[in-house]
2 protein chains.
Amino acid sequence: MSTNAPGGAYAPTERTVPTRGRKRAAYDRDLVHAILDDGCLCHLGFVRDGAPVVLPTLYARVGERLYVHGSTGSRPLRAAGSSEAGLPVCLTVTHLDALVLARSAFHHSVNYRSVVVHGTAHRVEDPAERAIALDAIVDQAVPGRSADSRPADARELAATAVMALDLEEVSAKVRTGGPNDEPEDLSLPHWSGVVPVRRAYGAPVPAEDMAPGAAVPGYLAALATL
Amino acid sequence: MSTNAPGGAYAPTERTVPTRGRKRAAYDRDLVHAILDDGCLCHLGFVRDGAPVVLPTLYARVGERLYVHGSTGSRPLRAAGSSEAGLPVCLTVTHLDALVLARSAFHHSVNYRSVVVHGTAHRVEDPAERAIALDAIVDQAVPGRSADSRPADARELAATAVMALDLEEVSAKVRTGGPNDEPEDLSLPHWSGVVPVRRAYGAPVPAEDMAPGAAVPGYLAALATL
């Protein structure tokens, strides 16, 4: 278990220091938070019968804790709940920011921001914390939305399992900038540069059972122009 | 090890049949290929010292085989190369297609398409297959690009490790459509519907060392209008 260093950074550990690409690794707390806060979908890895499993799932960050949720019947949540020891996981969030085209095939790359969190996930049993987590997961995808929806009732809360994972053993990796062509390749005729990639939101589409002409909430209009 | 069923589908196995959400699981080969072909970034899971590790990496599909690449010094590639038995992995590709807003917090969801591949990755030693794989990884991100770049030379090829993972134990999961509100929630005042999400490409940005006015290749212009 790592302890957090002073100065706003996560303490590197043996498994958060990459063997390659160390110059791209970062442990700054604000950077990690910003990368996490820019997404809502993570890839959660765990070990089942000795083999790795990676599943996409929604998440939320609340301070130094991440939450994921799922049906009480889902495999990772059952596994996390079946043991006091919790479930060892690796939770990864990645944003693809650009395609990087070099003159050589070898130097092609992508610009990205990623966070990898190692740790042990535990089932959240406290109803108050579960409610906070579920609201946070809704708000992580659509900031402001949880306040504009019907809160979960007792039956719904009972059907939903929540896992918590503390931000302790954490690293970020970031690549920015253009291609790193070899000097001898600069005279080649191939186009070189970057193609930005971003997540774009389309215009909100009302459900078929919505009354015609219902106004789109401001928090959705704000999303669409991001 | 699964065998592939006739009729264009992957044979379900114990670990590709979810305990929850079975109606969203699919094994259709064309669907799996389409989801894989719509991306270039996967999350690769493996087990290291008994704990799960999930790393983002580029990939390519060539027929019924996926390739990932990396430095010969990277951990998963060293692990895959250090054993005849290969490296057990789980490779997952996810596309977020929409945010789904229900009147109740509980029924919030996302539309997505994902593919999860279980199997054992092996280092590719054959130079001809390695070259095909590396071109495919470039073309997976930018179709047509590998033909318009300098091919890897012997030194670059030697520095690059490639892992192959066959598509045998594979499942897709897809959610589409609008929110599934409870009938008794339909009269609530909250907006309900979906917000489409897609990957958008910006205008290509030439490298600083490019000659001014160089034409943007057609395959990039095509990307930008996707």
# chains A, B, ... in the order shown; residues from 1 in each chain; ligands from 1
>>> interface_residues(of="chain B", to="chain A", cutoff="6 Å", atoms="only C-alpha atoms", output="PyMOL selection string")
chain B and resi 20+45-47+52-54+74+89-90+103-106+149-152+190+192-202+204-207
>>> select_by_dssp(residues="region 13-135 of chain A", states="strand (DSSP E or B)", output="number ranges by chain")
A: 25-26, 28, 41-48, 51-62, 65-71, 87-101, 104, 109-123
>>> atom_distance(atom1="CA of Val68 (chain A)", atom2="CA of Ala164 (chain A)")
6.7 Å
>>> atom_distance(atom1="CA of Pro12 (chain B)", atom2="CA of Met163 (chain B)")
23.9 Å
>>> select_by_dssp(residues="region 108-218 of chain A", states="helix (DSSP H, G or I)", output="NGL selection string")
:A and (127-141 or 146-148 or 154-159 or 183-185 or 218)
>>> atom_distance(atom1="CA of Leu167 (chain B)", atom2="CA of Ala26 (chain B)")
14.1 Å
>>> closest_residue(among="B:Val162, B:Asp38, B:Glu168, B:Tyr27", to="Leu77 (chain B)", atoms="only C-alpha atoms")
B:Val162
